[in-house]
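Printed here is run_34.pdb (PDB, C-alpha atoms):
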ATOM      1  CA  MET A 135       9.803 -24.649 -19.397
ATOM      2  CA  LYS A 136      11.827 -21.774 -20.825
ATOM      3  CA  LEU A 137      10.079 -20.242 -23.812
ATOM      4  CA  ASN A 138      11.869 -19.240 -26.992
ATOM      5  CA  ASP A 139      10.890 -18.770 -30.625
ATOM      6  CA  ASN A 140      11.348 -22.431 -31.532
ATOM      7  CA  VAL A 141       9.434 -23.717 -28.507
ATOM      8  CA  LEU A 142       6.475 -21.484 -29.368
ATOM      9  CA  ARG A 143       6.517 -22.636 -32.993
ATOM     10  CA  SER A 144       6.237 -26.240 -31.764
ATOM     11  CA  PHE A 145       2.978 -25.638 -29.850
ATOM     12  CA  ARG A 146       0.055 -27.780 -30.989
ATOM     13  CA  VAL A 147      -3.532 -28.243 -29.852
ATOM     14  CA  ALA A 148      -3.515 -31.196 -27.439
ATOM     15  CA  LYS A 149      -7.200 -31.349 -26.587
ATOM     16  CA  VAL A 150     -10.448 -29.819 -27.822
ATOM     17  CA  PHE A 151     -13.385 -29.197 -25.482
ATOM     18  CA  ARG A 152     -16.905 -28.814 -26.840
ATOM     19  CA  GLU A 153     -18.771 -27.917 -23.681
ATOM     20  CA  ASN A 154     -20.400 -24.758 -25.038
ATOM     21  CA  SER A 155     -23.209 -24.075 -27.481
ATOM     22  CA  ASP A 156     -22.215 -20.427 -28.022
ATOM     23  CA  LYS A 157     -19.104 -18.259 -28.013
ATOM     24  CA  ILE A 158     -16.704 -18.423 -25.048
ATOM     25  CA  ASN A 159     -16.334 -14.727 -24.206
ATOM     26  CA  CYS A 160     -13.645 -15.002 -21.527
ATOM     27  CA  PHE A 161     -11.526 -17.384 -19.507
ATOM     28  CA  ASP A 162      -9.148 -17.051 -16.592
ATOM     29  CA  PHE A 163      -6.534 -19.261 -14.940
ATOM     30  CA  SER A 164      -6.545 -19.733 -11.185
ATOM     31  CA  PRO A 165      -3.581 -18.175  -9.322
ATOM     32  CA  THR A 166      -1.886 -21.589  -9.129
ATOM     33  CA  GLY A 167      -2.566 -22.447 -12.768
ATOM     34  CA  GLU A 168      -4.200 -25.719 -11.729
ATOM     35  CA  THR A 169      -7.657 -24.805 -13.034
ATOM     36  CA  VAL A 170      -9.108 -22.544 -15.698
ATOM     37  CA  ILE A 171     -12.637 -21.153 -15.785
ATOM     38  CA  SER A 172     -14.601 -19.931 -18.802
ATOM     39  CA  SER A 173     -17.665 -17.773 -19.321
ATOM     40  CA  SER A 174     -19.808 -18.087 -22.409
ATOM     41  CA  ASP A 175     -22.619 -16.383 -24.272
ATOM     42  CA  ASP A 176     -24.674 -19.529 -23.617
ATOM     43  CA  ASP A 177     -24.811 -18.334 -19.943
ATOM     44  CA  SER A 178     -22.572 -21.155 -18.714
ATOM     45  CA  ILE A 179     -19.513 -21.154 -16.456
ATOM     46  CA  VAL A 180     -17.248 -24.163 -17.041
ATOM     47  CA  LEU A 181     -14.451 -25.131 -14.666
ATOM     48  CA  TYR A 182     -11.575 -27.191 -16.134
ATOM     49  CA  ASP A 183      -8.860 -29.176 -14.391
ATOM     50  CA  CYS A 184      -5.602 -28.285 -16.163
ATOM     51  CA  GLN A 185      -3.664 -31.228 -14.730
ATOM     52  CA  GLU A 186      -6.272 -33.805 -15.688
ATOM     53  CA  GLY A 187      -7.130 -31.993 -18.893
ATOM     54  CA  LYS A 188     -10.876 -32.317 -18.484
ATOM     55  CA  PRO A 189     -13.932 -30.283 -17.443
ATOM     56  CA  LYS A 190     -14.791 -30.566 -13.749
ATOM     57  CA  ARG A 191     -18.052 -28.704 -13.379
ATOM     58  CA  THR A 192     -20.571 -26.544 -15.235
ATOM     59  CA  LEU A 193     -22.614 -23.802 -13.575
ATOM     60  CA  TYR A 194     -25.175 -21.484 -15.143
ATOM     61  CA  SER A 195     -26.051 -17.809 -14.907
ATOM     62  CA  LYS A 196     -29.211 -17.990 -17.017
ATOM     63  CA  LYS A 197     -30.919 -14.963 -15.504
ATOM     64  CA  TYR A 198     -28.031 -12.509 -15.623
ATOM     65  CA  GLY A 199     -25.695 -13.888 -18.278
ATOM     66  CA  VAL A 200     -21.936 -14.010 -17.690
ATOM     67  CA  ASP A 201     -18.894 -12.225 -19.118
ATOM     68  CA  LEU A 202     -15.398 -11.103 -18.058
ATOM     69  CA  ILE A 203     -15.062 -13.868 -15.477
ATOM     70  CA  ARG A 204     -12.146 -13.474 -13.049
ATOM     71  CA  TYR A 205     -10.798 -15.618 -10.233
ATOM     72  CA  THR A 206     -10.369 -13.896  -6.893
ATOM     73  CA  HIS A 207      -7.498 -14.965  -4.614
ATOM     74  CA  ALA A 208      -9.553 -17.881  -3.356
ATOM     75  CA  ALA A 209      -9.588 -20.671  -5.929
ATOM     76  CA  ASN A 210     -13.280 -21.366  -5.333
ATOM     77  CA  THR A 211     -14.693 -17.849  -5.888
ATOM     78  CA  VAL A 212     -15.034 -15.655  -8.976
ATOM     79  CA  VAL A 213     -16.380 -12.264  -9.979
ATOM     80  CA  TYR A 214     -18.012 -11.578 -13.319
ATOM     81  CA  SER A 215     -20.030  -8.988 -15.185
ATOM     82  CA  SER A 216     -23.599  -9.422 -16.343
ATOM     83  CA  ASN A 217     -24.716  -9.181 -19.964
ATOM     84  CA  LYS A 218     -28.460  -9.490 -19.293
ATOM     85  CA  ILE A 219     -31.004  -7.546 -17.179
ATOM     86  CA  ASP A 220     -28.576  -5.143 -15.505
ATOM     87  CA  ASP A 221     -24.905  -4.170 -15.286
ATOM     88  CA  THR A 222     -24.246  -5.393 -11.764
ATOM     89  CA  ILE A 223     -21.031  -7.291 -11.016
ATOM     90  CA  ARG A 224     -21.524 -10.586  -9.187
ATOM     91  CA  TYR A 225     -19.325 -12.433  -6.680
ATOM     92  CA  LEU A 226     -19.952 -16.182  -6.843
ATOM     93  CA  SER A 227     -18.902 -19.128  -4.690
ATOM     94  CA  LEU A 228     -18.126 -22.070  -6.979
ATOM     95  CA  HIS A 229     -18.258 -24.456  -4.031
ATOM     96  CA  ASP A 230     -22.013 -24.167  -3.474
ATOM     97  CA  ASN A 231     -23.007 -22.077  -6.536
ATOM     98  CA  LYS A 232     -24.283 -19.200  -4.401
ATOM     99  CA  TYR A 233     -23.775 -15.478  -4.746
ATOM    100  CA  ILE A 234     -21.708 -13.958  -1.956
ATOM    101  CA  ARG A 235     -22.264 -10.329  -2.914
ATOM    102  CA  TYR A 236     -23.538  -7.993  -5.639
ATOM    103  CA  PHE A 237     -21.769  -4.823  -6.777
ATOM    104  CA  PRO A 238     -24.341  -2.454  -8.329
ATOM    105  CA  GLY A 239     -23.457   0.961  -9.702
ATOM    106  CA  HIS A 240     -22.668   0.861 -13.395
ATOM    107  CA  SER A 241     -25.506   2.035 -15.640
ATOM    108  CA  LYS A 242     -24.170   0.521 -18.883
ATOM    109  CA  ARG A 243     -22.336  -2.652 -19.874
ATOM    110  CA  VAL A 244     -19.115  -3.425 -18.017
ATOM    111  CA  VAL A 245     -16.271  -3.790 -20.534
ATOM    112  CA  ALA A 246     -13.255  -4.171 -18.219
ATOM    113  CA  LEU A 247     -12.709  -6.051 -14.963
ATOM    114  CA  SER A 248      -9.394  -6.512 -13.147
ATOM    115  CA  MET A 249      -8.617  -8.114  -9.775
ATOM    116  CA  SER A 250      -5.811  -6.750  -7.643
ATOM    117  CA  PRO A 251      -2.949  -9.276  -7.579
ATOM    118  CA  VAL A 252      -2.351  -8.682  -3.859
ATOM    119  CA  ASP A 253      -5.655  -8.127  -2.037
ATOM    120  CA  ASP A 254      -9.466  -8.033  -2.321
ATOM    121  CA  ALA A 255      -9.632  -4.869  -4.422
ATOM    122  CA  PHE A 256     -10.825  -4.889  -8.028
ATOM    123  CA  ILE A 257     -11.631  -2.297 -10.671
ATOM    124  CA  SER A 258     -14.264  -2.168 -13.368
ATOM    125  CA  GLY A 259     -14.730  -0.006 -16.444
ATOM    126  CA  SER A 260     -18.047   0.573 -18.192
ATOM    127  CA  LEU A 261     -19.635   2.108 -21.263
ATOM    128  CA  ASP A 262     -21.153   4.603 -18.801
ATOM    129  CA  LYS A 263     -17.680   6.256 -19.006
ATOM    130  CA  THR A 264     -16.706   5.468 -15.428
ATOM    131  CA  ILE A 265     -14.136   3.342 -13.643
ATOM    132  CA  ARG A 266     -15.138   2.066 -10.228
ATOM    133  CA  LEU A 267     -12.910   0.725  -7.474
ATOM    134  CA  TRP A 268     -14.356  -2.040  -5.307
ATOM    135  CA  ASP A 269     -13.517  -4.280  -2.357
ATOM    136  CA  LEU A 270     -14.861  -7.845  -2.314
ATOM    137  CA  ARG A 271     -15.880  -7.377   1.325
ATOM    138  CA  SER A 272     -18.293  -4.497   0.644
ATOM    139  CA  PRO A 273     -21.079  -3.951  -1.913
ATOM    140  CA  ASN A 274     -20.369  -0.222  -1.888
ATOM    141  CA  CYS A 275     -18.142   1.389  -4.490
ATOM    142  CA  GLN A 276     -14.844   2.468  -2.889
ATOM    143  CA  GLY A 277     -13.945   4.985  -5.570
ATOM    144  CA  LEU A 278     -15.434   6.491  -8.731
ATOM    145  CA  MET A 279     -13.756   8.138 -11.715
ATOM    146  CA  HIS A 280     -15.653   9.928 -14.478
ATOM    147  CA  LEU A 281     -13.917   9.808 -17.852
ATOM    148  CA  GLN A 282     -14.349  11.325 -21.305
ATOM    149  CA  GLY A 283     -14.932   8.068 -23.107
ATOM    150  CA  LYS A 284     -15.019   4.269 -23.005
ATOM    151  CA  PRO A 285     -12.391   2.946 -20.571
ATOM    152  CA  VAL A 286     -10.156  -0.095 -20.431
ATOM    153  CA  CYS A 287      -8.280  -0.688 -17.183
ATOM    154  CA  SER A 288      -5.982  -3.023 -15.284
ATOM    155  CA  PHE A 289      -3.876  -3.313 -12.140
ATOM    156  CA  ASP A 290      -0.112  -3.559 -12.398
ATOM    157  CA  PRO A 291       1.491  -6.853 -11.164
ATOM    158  CA  GLU A 292       2.304  -5.394  -7.726
ATOM    159  CA  GLY A 293      -1.186  -4.000  -7.123
ATOM    160  CA  LEU A 294       0.175  -0.536  -6.343
ATOM    161  CA  ILE A 295      -1.055   1.311  -9.415
ATOM    162  CA  PHE A 296      -3.673   0.857 -12.074
ATOM    163  CA  ALA A 297      -3.796   2.023 -15.655
ATOM    164  CA  ALA A 298      -6.814   3.403 -17.470
ATOM    165  CA  GLY A 299      -6.986   3.625 -21.236
ATOM    166  CA  VAL A 300      -9.432   6.391 -22.130
ATOM    167  CA  ASN A 301     -11.220   7.049 -25.416
ATOM    168  CA  SER A 302      -8.680   4.894 -27.296
ATOM    169  CA  GLU A 303      -6.173   7.737 -27.246
ATOM    170  CA  MET A 304      -4.480   8.038 -23.852
ATOM    171  CA  VAL A 305      -3.249   5.885 -20.970
ATOM    172  CA  LYS A 306      -3.439   7.325 -17.454
ATOM    173  CA  LEU A 307      -1.562   5.812 -14.498
ATOM    174  CA  TYR A 308      -3.007   6.156 -10.993
ATOM    175  CA  ASP A 309      -1.575   5.444  -7.556
ATOM    176  CA  LEU A 310      -4.139   3.265  -5.791
ATOM    177  CA  ARG A 311      -3.577   5.099  -2.482
ATOM    178  CA  SER A 312      -4.254   8.542  -3.967
ATOM    179  CA  PHE A 313      -6.167   7.988  -7.203
ATOM    180  CA  ASP A 314      -8.640  10.735  -6.236
ATOM    181  CA  LYS A 315      -5.824  13.253  -6.866
ATOM    182  CA  GLY A 316      -5.742  12.278 -10.520
ATOM    183  CA  PRO A 317      -3.182  10.396 -12.633
ATOM    184  CA  PHE A 318       0.529  10.724 -11.864
ATOM    185  CA  ALA A 319       1.346  10.055 -15.523
ATOM    186  CA  THR A 320      -0.549  10.428 -18.808
ATOM    187  CA  PHE A 321       0.620   8.952 -22.105
ATOM    188  CA  LYS A 322      -1.023  10.293 -25.249
ATOM    189  CA  MET A 323      -1.115   8.052 -28.320
ATOM    190  CA  ASN A 324      -1.798   8.835 -31.945
ATOM    191  CA  PRO A 325      -5.490   7.876 -32.144
ATOM    192  CA  ASP A 326      -6.692   5.535 -34.883
ATOM    193  CA  ARG A 327     -10.363   6.309 -35.477
ATOM    194  CA  THR A 328     -10.887   3.127 -37.511
ATOM    195  CA  CYS A 329     -11.024   1.069 -34.303
ATOM    196  CA  GLU A 330     -11.112   1.325 -30.508
ATOM    197  CA  TRP A 331      -9.145  -0.201 -27.653
ATOM    198  CA  THR A 332     -10.733  -3.333 -26.220
ATOM    199  CA  SER A 333      -8.313  -4.295 -23.423
ATOM    200  CA  LEU A 334      -5.254  -3.147 -21.513
ATOM    201  CA  LYS A 335      -2.824  -5.522 -19.785
ATOM    202  CA  PHE A 336       0.456  -5.228 -17.925
ATOM    203  CA  SER A 337       3.214  -7.765 -18.473
ATOM    204  CA  ASN A 338       4.124  -9.833 -15.412
ATOM    205  CA  ASP A 339       7.386  -7.909 -14.979
ATOM    206  CA  GLY A 340       5.426  -4.615 -14.968
ATOM    207  CA  LYS A 341       7.550  -3.066 -17.704
ATOM    208  CA  LEU A 342       5.110  -3.273 -20.609
ATOM    209  CA  ILE A 343       1.488  -2.427 -21.374
ATOM    210  CA  LEU A 344      -0.391  -4.226 -24.142
ATOM    211  CA  LEU A 345      -3.277  -2.435 -25.842
ATOM    212  CA  ALA A 346      -5.621  -4.637 -27.863
ATOM    213  CA  THR A 347      -8.072  -3.200 -30.401
ATOM    214  CA  ASN A 348     -11.078  -4.354 -32.398
ATOM    215  CA  GLY A 349      -9.071  -3.558 -35.522
ATOM    216  CA  GLY A 350      -6.163  -5.433 -37.043
ATOM    217  CA  PHE A 351      -3.340  -4.350 -34.730
ATOM    218  CA  LEU A 352      -1.991  -4.332 -31.162
ATOM    219  CA  ARG A 353       0.250  -1.788 -29.464
ATOM    220  CA  LEU A 354       3.074  -2.597 -27.046
ATOM    221  CA  VAL A 355       3.855   0.369 -24.797
ATOM    222  CA  ASP A 356       6.695   1.112 -22.368
ATOM    223  CA  ALA A 357       4.928   1.244 -18.972
ATOM    224  CA  PHE A 358       7.358   3.852 -17.598
ATOM    225  CA  LYS A 359       7.843   6.225 -20.523
ATOM    226  CA  GLY A 360       4.654   5.698 -22.527
ATOM    227  CA  ALA A 361       6.526   5.181 -25.789
ATOM    228  CA  VAL A 362       4.993   2.788 -28.321
ATOM    229  CA  LEU A 363       7.648   0.085 -28.708
ATOM    230  CA  HIS A 364       5.940  -2.030 -31.354
ATOM    231  CA  THR A 365       2.730  -2.207 -33.347
ATOM    232  CA  PHE A 366       1.748  -5.765 -34.226
ATOM    233  CA  GLY A 367      -0.497  -6.538 -37.186
ATOM    234  CA  GLY A 368      -0.966  -9.016 -39.980
ATOM    235  CA  TYR A 369      -3.900 -10.954 -38.531
ATOM    236  CA  ASN A 370      -7.520 -11.072 -39.693
ATOM    237  CA  ASN A 371     -10.187  -9.023 -37.958
ATOM    238  CA  SER A 372     -12.295  -7.540 -40.746
ATOM    239  CA  LYS A 373     -15.522  -7.771 -38.700
ATOM    240  CA  GLY A 374     -14.227  -5.719 -35.771
ATOM    241  CA  VAL A 375     -14.469  -8.566 -33.265
ATOM    242  CA  THR A 376     -13.213  -7.943 -29.714
ATOM    243  CA  LEU A 377     -10.081 -10.102 -29.689
ATOM    244  CA  GLU A 378      -8.233 -10.567 -26.417
ATOM    245  CA  ALA A 379      -4.434 -10.471 -26.438
ATOM    246  CA  SER A 380      -2.112 -11.858 -23.790
ATOM    247  CA  PHE A 381       1.496 -11.918 -22.636
ATOM    248  CA  THR A 382       3.261 -15.192 -21.966
ATOM    249  CA  PRO A 383       4.098 -15.513 -18.238
ATOM    250  CA  ASP A 384       7.756 -14.567 -18.819
ATOM    251  CA  SER A 385       6.629 -11.264 -20.448
ATOM    252  CA  GLN A 386       8.670 -12.092 -23.572
ATOM    253  CA  PHE A 387       5.956 -12.960 -26.087
ATOM    254  CA  ILE A 388       2.552 -11.585 -27.091
ATOM    255  CA  MET A 389      -0.262 -13.665 -28.568
ATOM    256  CA  ILE A 390      -3.718 -13.018 -29.965
ATOM    257  CA  GLY A 391      -6.467 -15.037 -31.607
ATOM    258  CA  SER A 392      -7.833 -14.016 -34.986
ATOM    259  CA  GLU A 393     -10.901 -14.115 -37.190
ATOM    260  CA  ASP A 394      -9.766 -17.274 -38.971
ATOM    261  CA  GLY A 395      -9.114 -19.183 -35.722
ATOM    262  CA  LYS A 396      -5.315 -18.871 -35.934
ATOM    263  CA  ILE A 397      -3.204 -17.679 -32.976
ATOM    264  CA  HIS A 398      -0.481 -15.154 -33.823
ATOM    265  CA  VAL A 399       2.643 -14.832 -31.654
ATOM    266  CA  TRP A 400       5.254 -12.067 -31.582
ATOM    267  CA  ASN A 401       8.561 -11.604 -29.813
ATOM    268  CA  GLY A 402       8.078  -8.534 -27.616
ATOM    269  CA  GLU A 403      11.719  -7.474 -27.750
ATOM    270  CA  SER A 404      12.353  -7.753 -31.482
ATOM    271  CA  GLY A 405       8.789  -7.074 -32.572
ATOM    272  CA  MET A 406       9.002  -9.960 -35.033
ATOM    273  CA  LYS A 407       6.194 -12.453 -35.554
ATOM    274  CA  VAL A 408       7.551 -15.838 -34.529
ATOM    275  CA  ALA A 409       4.597 -18.160 -35.049
ATOM    276  CA  VAL A 410       1.098 -18.559 -36.423
ATOM    277  CA  LEU A 411      -0.469 -21.474 -34.577
ATOM    278  CA  ASP A 412      -3.465 -23.502 -35.693
ATOM    279  CA  GLY A 413      -6.042 -23.015 -32.945
ATOM    280  CA  LYS A 414      -8.395 -25.627 -34.470
ATOM    281  CA  HIS A 415     -11.166 -23.014 -34.455
ATOM    282  CA  THR A 416     -13.548 -22.559 -37.366
ATOM    283  CA  ASP A 417     -14.817 -19.293 -35.879
ATOM    284  CA  PRO A 418     -12.896 -16.334 -34.452
ATOM    285  CA  SER A 419     -10.957 -17.110 -31.268
ATOM    286  CA  PRO A 420     -11.675 -13.988 -29.185
ATOM    287  CA  ALA A 421     -10.372 -15.208 -25.823
ATOM    288  CA  CYS A 422      -6.654 -15.792 -25.402
ATOM    289  CA  SER A 423      -4.776 -16.262 -22.146
ATOM    290  CA  SER A 424      -1.714 -17.964 -20.707
ATOM    291  CA  THR A 425      -1.060 -19.690 -17.399
ATOM    292  CA  PRO A 426       0.286 -17.638 -14.462
ATOM    293  CA  ASN A 427       3.456 -19.752 -14.441
ATOM    294  CA  SER A 428       5.394 -20.987 -17.426
TER     295      SER A 428
END

Could you show the structure in this file as structure tokens?
Amino acid sequence: MKLNDNVLRSFRVAKVFRENSDKINCFDFSPTGETVISSSDDDSIVLYDCQEGKPKRTLYSKKYGVDLIRYTHAANTVVYSSNKIDDTIRYLSLHDNKYIRYFPGHSKRVVALSMSPVDDAFISGSLDKTIRLWDLRSPNCQGLMHLQGKPVCSFDPEGLIFAAGVNSEMVKLYDLRSFDKGPFATFKMNPDRTCEWTSLKFSNDGKLILLATNGGFLRLVDAFKGAVLHTFGGYNNSKGVTLEASFTPDSQFIMIGSEDGKIHVWNGESGMKVAVLDGKHTDPSPACSSTPNS
């Protein structure tokens, strides 16, 4: 389906799932788009079949909690951060509900987790002001970066570079093969001390970076020049909730949930808001994502 302004305005909620007793903090589509998995503050992991439109399985992480869940390249394994006991990242087999590996190292809560789109590497950012580079095949950290503040981070779509947003005021780009030499580009932004950055994402075409905040605005940044192309606002977030924003798969539109349960959509080229969709949520809709393929 080719997306345009009118198609997006026509979107409606087709099905509502009530599998959770507490907030869904994250969800992620499998690489094929056939399944989606969610993590929740009720310590549950729910796997949904997108073609059948129904939940397939529920697993629990009662001891450690679960947040920032991410599919690996195998459709039956995930990594996720812990929000209880410790700040270890866990690698779980969905097939038999057994841990494959633990990734200890962070000393404070993990706030960013990104899988490489091409191999077994992944990166994590923490409130301990570090970004760590990992490989699914080893419990040992493959690389460590000390920063000046809270980081957000993500791989680019080709898995060659990663971006780190530091202290809600600058974006640093690193070559994965030589990240220990420091960033090859640094983009400084005008800081807004009323809020902080909560996520950083590349568009699928690699040309844009989306910076989400716990305030009432998003920033769309040119991934090559660092220029702020658009600032999107006009949605409710008076309580400073961490709202996740997302690109559509064609990189043309940006969407975010809001405090009143509505989903706001902008055209990335024009910067104009094209739709406010009824998400059928009575509470804030913090997690927002789109399928890998439109």

Starting from the PyMOL selection byres ((chain A and resi 176) around 12), expand the selection into actual residues of this file and give them as a list in words.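 Evaluating the PyMOL selection byres ((chain A and resi 176) around 12) on this file yields Glu153, Asn154, Ser155, Asp156, Lys157, Ile158, Asn159, Ser172, Ser173, Ser174, Asp175, Asp177, Ser178, Ile179, Val180, Thr192, Leu193, Tyr194, Ser195, Lys196, Lys197, Tyr198, Gly199, Val200, Asp201, Asn217 and Lys218 of chain A.
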
Applied to this file, what does the PyMOL selection byres ((chain A and resi 387-391) around 10) return in terms of residues, put as a PyMOL selection string? chain A and resi 137-139+142+337+344+346+351-352+354+366+369-371+376-386+392-413+415+418-424

If you count all atoms listed in the file, the residue of A:Pro273, A:Pro165, A:Gly360, A:Gly350 closest to Met323 (chain A) turns out to be A:Gly360

Could you check how far CA of Ile257 (chain A) sits from CA of Ala297 (chain A), in Å to one decimal? 10.2 Å

Skip Ala319 (chain A) itself and residues of its chain fewer than 6 positions away, then list as a PyMOL selection string all residues within 9 Å of it, counting all atoms listed in the file. chain A and resi 305-308+358+360

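Distances here use only C-alpha atoms; by that measure, the residue among A:Gly299, A:Pro189, A:Gly349, A:Gly340 closest to Arg327 (chain A) is A:Gly349.
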
Report as an NGL selection string the residues that result from applying the PyMOL selection byres ((chain A and resi 223-225) around 8) to the structure here. :A and (211-216 or 221-222 or 226-227 or 233-238 or 270)

Which is closest to Ile203 (chain A) among A:Asp162, A:Gly167, A:Lys232, A:Val375, if we use all atoms listed in the file?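 Going through A:Asp162, A:Gly167, A:Lys232, A:Val375 one by one, the smallest distance to Ile203 (chain A) is for A:Asp162.
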
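Using all atoms listed in the file, the shortest contact distance between Trp331 (chain A) and any of A:Ser260, A:Ser302, A:Ser272, A:Ser250 is found at A:Ser302.
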
Report, in Å to a single decimal, how far apart CA of Lys414 (chain A) and CA of Val150 (chain A) are.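 So the answer is 8.1 Å.
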
Tell me, as a PDB file with C-alpha atoms, in the coordinates of the input, which residues lie within 10 Å of Ala255 (chain A), counting all atoms listed in the file; anything in the same chain fewer than 3 positions away does not count.
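And here's around_25.pdb as it stands now:
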ATOM      1  CA  THR A 206     -10.369 -13.896  -6.893  1.00  0.00           C
ATOM      2  CA  SER A 248      -9.394  -6.512 -13.147  1.00  0.00           C
ATOM      3  CA  MET A 249      -8.617  -8.114  -9.775  1.00  0.00           C
ATOM      4  CA  SER A 250      -5.811  -6.750  -7.643  1.00  0.00           C
ATOM      5  CA  PRO A 251      -2.949  -9.276  -7.579  1.00  0.00           C
ATOM      6  CA  VAL A 252      -2.351  -8.682  -3.859  1.00  0.00           C
ATOM      7  CA  LEU A 267     -12.910   0.725  -7.474  1.00  0.00           C
ATOM      8  CA  TRP A 268     -14.356  -2.040  -5.307  1.00  0.00           C
ATOM      9  CA  ASP A 269     -13.517  -4.280  -2.357  1.00  0.00           C
ATOM     10  CA  LEU A 270     -14.861  -7.845  -2.314  1.00  0.00           C
ATOM     11  CA  ARG A 271     -15.880  -7.377   1.325  1.00  0.00           C
ATOM     12  CA  GLN A 276     -14.844   2.468  -2.889  1.00  0.00           C
ATOM     13  CA  PHE A 289      -3.876  -3.313 -12.140  1.00  0.00           C
ATOM     14  CA  GLY A 293      -1.186  -4.000  -7.123  1.00  0.00           C
ATOM     15  CA  LEU A 310      -4.139   3.265  -5.791  1.00  0.00           C
TER      16      LEU A 310
END

Pick from A:Cys329, A:Leu342, A:Ala361, A:Val286, whichever lies nearest to Lys373 (chain A) using only C-alpha atoms: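 Going through A:Cys329, A:Leu342, A:Ala361, A:Val286 one by one, the smallest distance to Lys373 (chain A) is for A:Cys329.
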
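Interatomic distance, CA of Ile295 (chain A) to CA of Leu363 (chain A): 21.2 Å.
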
Which centre and edge lengths in Å to one decimal define the box along x, y and z that fits every listed atom of region 181-200 of chain A plus 6 Å per side, as lines of an AutoDock Vina configuration file?
center_x = -17.3
center_y = -23.2
center_z = -16.1
size_x = 39.3
size_y = 33.3
size_z = 17.5

Out of A:Glu330, A:Asp314, A:Asp230, A:Glu168, which residue has the shortest atom-to-atom distance to Val300 (chain A) when counting all atoms listed in the file?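 Residue with the minimum atom-to-atom distance to Val300 (chain A): A:Glu330.
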
Repaired coordinates for region 326-330 of chain A (all heavy atoms) as a compact mmCIF listing (two decimals), keeping the file's coordinate frame:
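Final file, selection_36.txt:
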# COMPACT_ATOMS: atom_id res chain seq x y z
N ASP A 326 -6.30 6.14 -33.61
CA ASP A 326 -6.69 5.54 -34.88
C ASP A 326 -8.21 5.41 -34.84
O ASP A 326 -8.75 4.56 -34.13
CB ASP A 326 -6.03 4.17 -35.05
CG ASP A 326 -6.31 3.56 -36.42
OD1 ASP A 326 -7.42 3.78 -36.96
OD2 ASP A 326 -5.43 2.88 -36.96
N ARG A 327 -8.90 6.26 -35.56
CA ARG A 327 -10.36 6.31 -35.48
C ARG A 327 -11.05 5.18 -36.23
O ARG A 327 -12.28 5.10 -36.26
CB ARG A 327 -10.87 7.66 -36.01
CG ARG A 327 -10.45 8.84 -35.13
CD ARG A 327 -10.86 8.62 -33.69
NE ARG A 327 -10.40 9.67 -32.79
CZ ARG A 327 -10.29 9.52 -31.48
NH1 ARG A 327 -10.58 8.36 -30.92
NH2 ARG A 327 -9.86 10.51 -30.71
N THR A 328 -10.27 4.26 -36.83
CA THR A 328 -10.89 3.13 -37.51
C THR A 328 -11.24 2.01 -36.53
O THR A 328 -11.91 1.05 -36.89
CB THR A 328 -9.95 2.55 -38.59
OG1 THR A 328 -8.76 2.05 -37.96
CG2 THR A 328 -9.57 3.64 -39.60
N CYS A 329 -10.75 2.12 -35.29
CA CYS A 329 -11.02 1.07 -34.30
C CYS A 329 -10.92 1.66 -32.90
O CYS A 329 -10.56 2.83 -32.74
CB CYS A 329 -10.04 -0.10 -34.45
SG CYS A 329 -8.33 0.36 -34.21
N GLU A 330 -11.23 0.86 -31.89
CA GLU A 330 -11.11 1.32 -30.51
C GLU A 330 -10.41 0.27 -29.66
O GLU A 330 -10.38 -0.92 -30.01
CB GLU A 330 -12.48 1.67 -29.92
CG GLU A 330 -13.47 0.54 -29.90
CD GLU A 330 -14.83 0.97 -29.35
OE1 GLU A 330 -15.14 2.19 -29.36
OE2 GLU A 330 -15.58 0.09 -28.91
